[in-house]
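Structure record follows, encoded as structure tokens.
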Amino acid sequence: MENEGSPHVIRRTTRSSSSSMPNTPNKIQESKKKVDSCSPSILDDLVSREEHVSLDTLVSNFPGRKLQILDILRLVGPLNSPMLPLYLYGGPSTGKTSVVLQIFRHLKRPFVYSGCRTCYNPRVLFESILNQLALHRRNLGNGYSSAKRCERPADFVTYLQELLTGVITSLKANSAKPGLLETGERASGEMVYLIFDDIELVREWHKHSGIISLLFKLHCYLKIPEVGLIFITNSSPDTYYLDTVLAEEPVHLFFPDYTEDELEQIFLRNQPNPKLYSSFLDAVLNPFCRITRRIDVLSIAFEPLFQKYCKPLSDLGLVPNRDEKRILCSYLNPHIALSTNEVFKVLSNSSLEVEENEEKAKKKENVRKLGDGQDPNDIDFHISISAKYLLISAFLASRNPATLDAALFDSTGGGDNRKRKRKSSETSKEQKEQGEQDLLMKGPGTFPLERLLAIFQCITSVAEGFVEEEQLKDGLLEVEVGDCGLMSDVLLQLSTLCNASFISRGESCPLEGLTRYRSTVSEDMALKVARSLKFPLSKYLYRR
């Protein structure tokens, strides 16, 4: 299954690499002259070279994205019509990038695509855009250098204006020539579109605020009506507008998560036996959708499960009847719960998991011998590992004061580095006891979503370091830290915990305008969950 539920988009071979080397000062003028005198075949470098697709094919290739496709086509407008900057946002793996690239494949208009995932700093981003507009190919002949070394935002705007002016002049000259637009596939027009993908990653760069402000104000700086700007991101617009004052806001377009029916349509595409795979989706899609709806994650999880689902079958071309479906589902059900933990976990190390399982088995055996009946550390419900960390995060957010988050979750060890308190007087002790009683009467406090996510990120990073230390001690470090990552959708996990009454959702704060949450689990339950993860909860729990 393809990522983001779309056909694989082949990167144009004419695009130059983003990396660059120092170059001579006159190359930008040479590149501009090259663009000014370029032929239609060279200008086609800025147009998708894939086969033209019709609108019906475009819509059918993206189930559940018809409204978004039609909205983008409407906002881009007819040929040679100016457009306002367009801001596309939504969760990961919702088809944003694939839809945009396939739309320009359908429109056959010149565009420049730059992703901030591969363009990992301002200089690489700037030079990637300039190389594409200058039709510059990095090769052995030019020492794999870029058209121009560009590090300063002011220089980038200057060079960008020069190159865009040359490209637009050439497009206008070519559109005026007879015989170039005889077929609908060569309707390139006079507009040039700049597409910036994954711009949320810019916030991880050094001095990112200036780059984000530059990108969003690029429309005002250039003042070229023949240039269209499209921003693609996983973050909502408010994330950027807090640090950037815009004279003209982009037009927002949201890509929601796929529904179960849409996911089923996506996964059934290009299947050799759709009826067999449909029966498999009936068994696995619903439990997995409660955790995440990311197509890339689901496709990784479904591949081994489908092999196990088909293992009892002698012929994969058969269509199972009702009884056979029941048998196959009963065979698959034990593997589904294991797969949810295996795929959507924060840490992955099979050797440690085996040891933990052996320790649990020994503990249960000892409990049976002693006749206690049940291990007090066992949890009588099953949730994924990432949900356990989210549950601990909610408990800490409810029990700890928000003013102590920076001290408890610092980068040097958290609660162990708290300053020593002076010896308390009798009056202060009484005040402290009275405060504890008042706090006990009030119960757990409420917290916003931003604070929950911040604590969640801190404790998962702490857990990675803790397990790595254990592995180094035991000589079991076989997996790189970079392979450990959170793959589950935290918002869906939070919704699941709210539905299970582990976390309660309150009313919006009248001052903040944001929904607040409250943890409803007891301290004993939180300690049990922490012990199952070997997480030092008491180290990060503030004791008054």
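Naming scheme: A, B, ... for chains in displayed order of the structure tokens; residues 1 onward per chain; ligands 1 onward as shown.
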Test item: residues at most 7 Å from range 323-335 of chain A, only C-alpha atoms, excluding those fewer than 3 positions along its chain, as a ChimeraX atom specification
/A:279,283,308-309,320,338-339
Just N, CA and C atoms for this one: save the residues we selected as a PDB file, in the first residue's frame.
```pdb
ATOM      1  N   SER A 279     -12.271  -9.148   3.945  1.00  0.00           N
ATOM      2  CA  SER A 279     -12.571  -9.910   5.163  1.00  0.00           C
ATOM      3  C   SER A 279     -11.477  -9.717   6.211  1.00  0.00           C
ATOM      4  N   ALA A 283     -11.610  -7.548  10.246  1.00  0.00           N
ATOM      5  CA  ALA A 283     -11.118  -8.040  11.532  1.00  0.00           C
ATOM      6  C   ALA A 283     -10.133  -7.076  12.192  1.00  0.00           C
ATOM      7  N   LYS A 308      -0.288 -13.841   8.372  1.00  0.00           N
ATOM      8  CA  LYS A 308      -0.786 -14.798   9.363  1.00  0.00           C
ATOM      9  C   LYS A 308      -2.252 -15.128   9.116  1.00  0.00           C
ATOM     10  N   TYR A 309      -3.013 -14.143   8.639  1.00  0.00           N
ATOM     11  CA  TYR A 309      -4.428 -14.375   8.339  1.00  0.00           C
ATOM     12  C   TYR A 309      -4.586 -15.398   7.212  1.00  0.00           C
ATOM     13  N   PRO A 320     -13.365 -16.571   1.078  1.00  0.00           N
ATOM     14  CA  PRO A 320     -13.854 -17.279   2.272  1.00  0.00           C
ATOM     15  C   PRO A 320     -15.332 -17.010   2.519  1.00  0.00           C
ATOM     16  N   LEU A 338      -1.061  -8.253  20.230  1.00  0.00           N
ATOM     17  CA  LEU A 338       0.401  -8.187  20.242  1.00  0.00           C
ATOM     18  C   LEU A 338       0.914  -7.173  19.230  1.00  0.00           C
ATOM     19  N   SER A 339       0.244  -7.078  18.095  1.00  0.00           N
ATOM     20  CA  SER A 339       0.693  -6.161  17.053  1.00  0.00           C
ATOM     21  C   SER A 339       0.508  -4.705  17.463  1.00  0.00           C
TER      22      SER A 339
END
```
Between CA of Pro78 in chain A and CA of Gly189 in chain A, measure the distance and give it in Å to one decimal.
9.6 Å
Could you tell me how far CA of Cys289 in chain A sits from CA of Gly317 in chain A, in Å to one decimal place?
27.3 Å
Contacts of range 57-65 of chain A within 9 Å, only C-alpha atoms, excl. fewer than 6 positions in-chain, as a VMD selection string
chain A and resid 5 to 7 95 99 102 to 103 106 255 258 to 259 261 to 263 265 to 266
Could you list, as number ranges by chain, every residue within 10 Å of Leu285 in chain A, counting only C-alpha atoms and ignoring same-chain residues fewer than 6 positions away?
A: 260-261, 263-264, 278, 293, 298, 302
Contact residues around Ala454 in chain A with only C-alpha atoms at 12 Å, ignoring same-chain residues under 2 positions, as a list of chain:residue names:
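In the requested format, the answer is A:Leu390, A:Ser393, A:Ala394, A:Leu396, A:Ala397, A:Ala402, A:Asp405, A:Ala406, A:Phe409, A:Asp410, A:Phe447, A:Pro448, A:Leu449, A:Glu450, A:Arg451, A:Leu452, A:Phe456, A:Gln457, A:Cys458, A:Ile459, A:Thr460, A:Ser461, A:Val490.
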Surrounding residues of Cys119 in chain A excluding itself and chain neighbours under 4 positions, 10 Å, only C-alpha atoms, as number ranges by chain
A: 17-19, 114-115, 123-129, 197-198, 201-202
Selection file, N, CA and C atoms, as a PDB file, in the first residue's frame:
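Full text of out14.pdb as output:
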```pdb
ATOM      1  N   SER A  17      20.104  18.393  -6.809  1.00  0.00           N
ATOM      2  CA  SER A  17      20.216  18.085  -5.387  1.00  0.00           C
ATOM      3  C   SER A  17      20.220  19.363  -4.584  1.00  0.00           C
ATOM      4  N   SER A  18      19.858  19.222  -3.278  1.00  0.00           N
ATOM      5  CA  SER A  18      19.771  20.399  -2.422  1.00  0.00           C
ATOM      6  C   SER A  18      21.116  20.842  -1.888  1.00  0.00           C
ATOM      7  N   SER A  19      22.065  19.961  -1.841  1.00  0.00           N
ATOM      8  CA  SER A  19      23.370  20.315  -1.286  1.00  0.00           C
ATOM      9  C   SER A  19      24.102  21.276  -2.211  1.00  0.00           C
ATOM     10  N   SER A 114      10.026  22.140  -2.669  1.00  0.00           N
ATOM     11  CA  SER A 114      11.121  22.029  -1.703  1.00  0.00           C
ATOM     12  C   SER A 114      10.557  21.530  -0.388  1.00  0.00           C
ATOM     13  N   GLY A 115      11.080  20.401   0.076  1.00  0.00           N
ATOM     14  CA  GLY A 115      10.664  19.839   1.352  1.00  0.00           C
ATOM     15  C   GLY A 115      11.662  20.147   2.445  1.00  0.00           C
ATOM     16  N   ARG A 123      20.256  27.493   4.273  1.00  0.00           N
ATOM     17  CA  ARG A 123      21.065  27.564   3.059  1.00  0.00           C
ATOM     18  C   ARG A 123      20.665  26.476   2.058  1.00  0.00           C
ATOM     19  N   VAL A 124      20.457  25.261   2.535  1.00  0.00           N
ATOM     20  CA  VAL A 124      20.061  24.175   1.628  1.00  0.00           C
ATOM     21  C   VAL A 124      18.697  24.468   1.019  1.00  0.00           C
ATOM     22  N   LEU A 125      17.784  25.017   1.813  1.00  0.00           N
ATOM     23  CA  LEU A 125      16.457  25.356   1.292  1.00  0.00           C
ATOM     24  C   LEU A 125      16.548  26.443   0.232  1.00  0.00           C
ATOM     25  N   PHE A 126      17.278  27.520   0.523  1.00  0.00           N
ATOM     26  CA  PHE A 126      17.402  28.619  -0.428  1.00  0.00           C
ATOM     27  C   PHE A 126      18.019  28.137  -1.750  1.00  0.00           C
ATOM     28  N   GLU A 127      19.130  27.414  -1.657  1.00  0.00           N
ATOM     29  CA  GLU A 127      19.834  27.008  -2.865  1.00  0.00           C
ATOM     30  C   GLU A 127      19.063  25.951  -3.646  1.00  0.00           C
ATOM     31  N   SER A 128      18.265  25.145  -2.978  1.00  0.00           N
ATOM     32  CA  SER A 128      17.426  24.177  -3.688  1.00  0.00           C
ATOM     33  C   SER A 128      16.416  24.886  -4.587  1.00  0.00           C
ATOM     34  N   ILE A 129      15.791  25.932  -4.069  1.00  0.00           N
ATOM     35  CA  ILE A 129      14.812  26.686  -4.863  1.00  0.00           C
ATOM     36  C   ILE A 129      15.506  27.425  -6.007  1.00  0.00           C
ATOM     37  N   ASP A 197       7.064  22.233   1.658  1.00  0.00           N
ATOM     38  CA  ASP A 197       6.483  21.094   2.374  1.00  0.00           C
ATOM     39  C   ASP A 197       7.177  20.915   3.722  1.00  0.00           C
ATOM     40  N   ASP A 198       6.425  20.369   4.689  1.00  0.00           N
ATOM     41  CA  ASP A 198       6.945  20.070   6.032  1.00  0.00           C
ATOM     42  C   ASP A 198       7.536  21.309   6.701  1.00  0.00           C
ATOM     43  N   LEU A 201       8.995  21.590  10.362  1.00  0.00           N
ATOM     44  CA  LEU A 201      10.363  21.226  10.722  1.00  0.00           C
ATOM     45  C   LEU A 201      11.285  22.435  10.787  1.00  0.00           C
ATOM     46  N   VAL A 202      10.872  23.555  10.200  1.00  0.00           N
ATOM     47  CA  VAL A 202      11.694  24.773  10.260  1.00  0.00           C
ATOM     48  C   VAL A 202      11.858  25.233  11.705  1.00  0.00           C
TER      49      VAL A 202
END
```
With distances taken over only C-alpha atoms, which of A:Ile195, A:Leu164, A:Leu73, A:Cys150 is nearest to Leu55 in chain A?
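Nearest to Leu55 in chain A: A:Leu73.
The two atoms in question, CA of Val529 in chain A and CA of Lys388 in chain A, are spaced 6.5 Å apart.
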Do a neighbour search on range 227-235 of chain A at 9 Å with only C-alpha atoms, toss out local chain neighbours closer than 6 positions, and write the hits as a VMD selection string.
chain A and resid 76 82 to 92 96 to 97 111 164 168 191 to 201 215 to 216 218 to 219 250
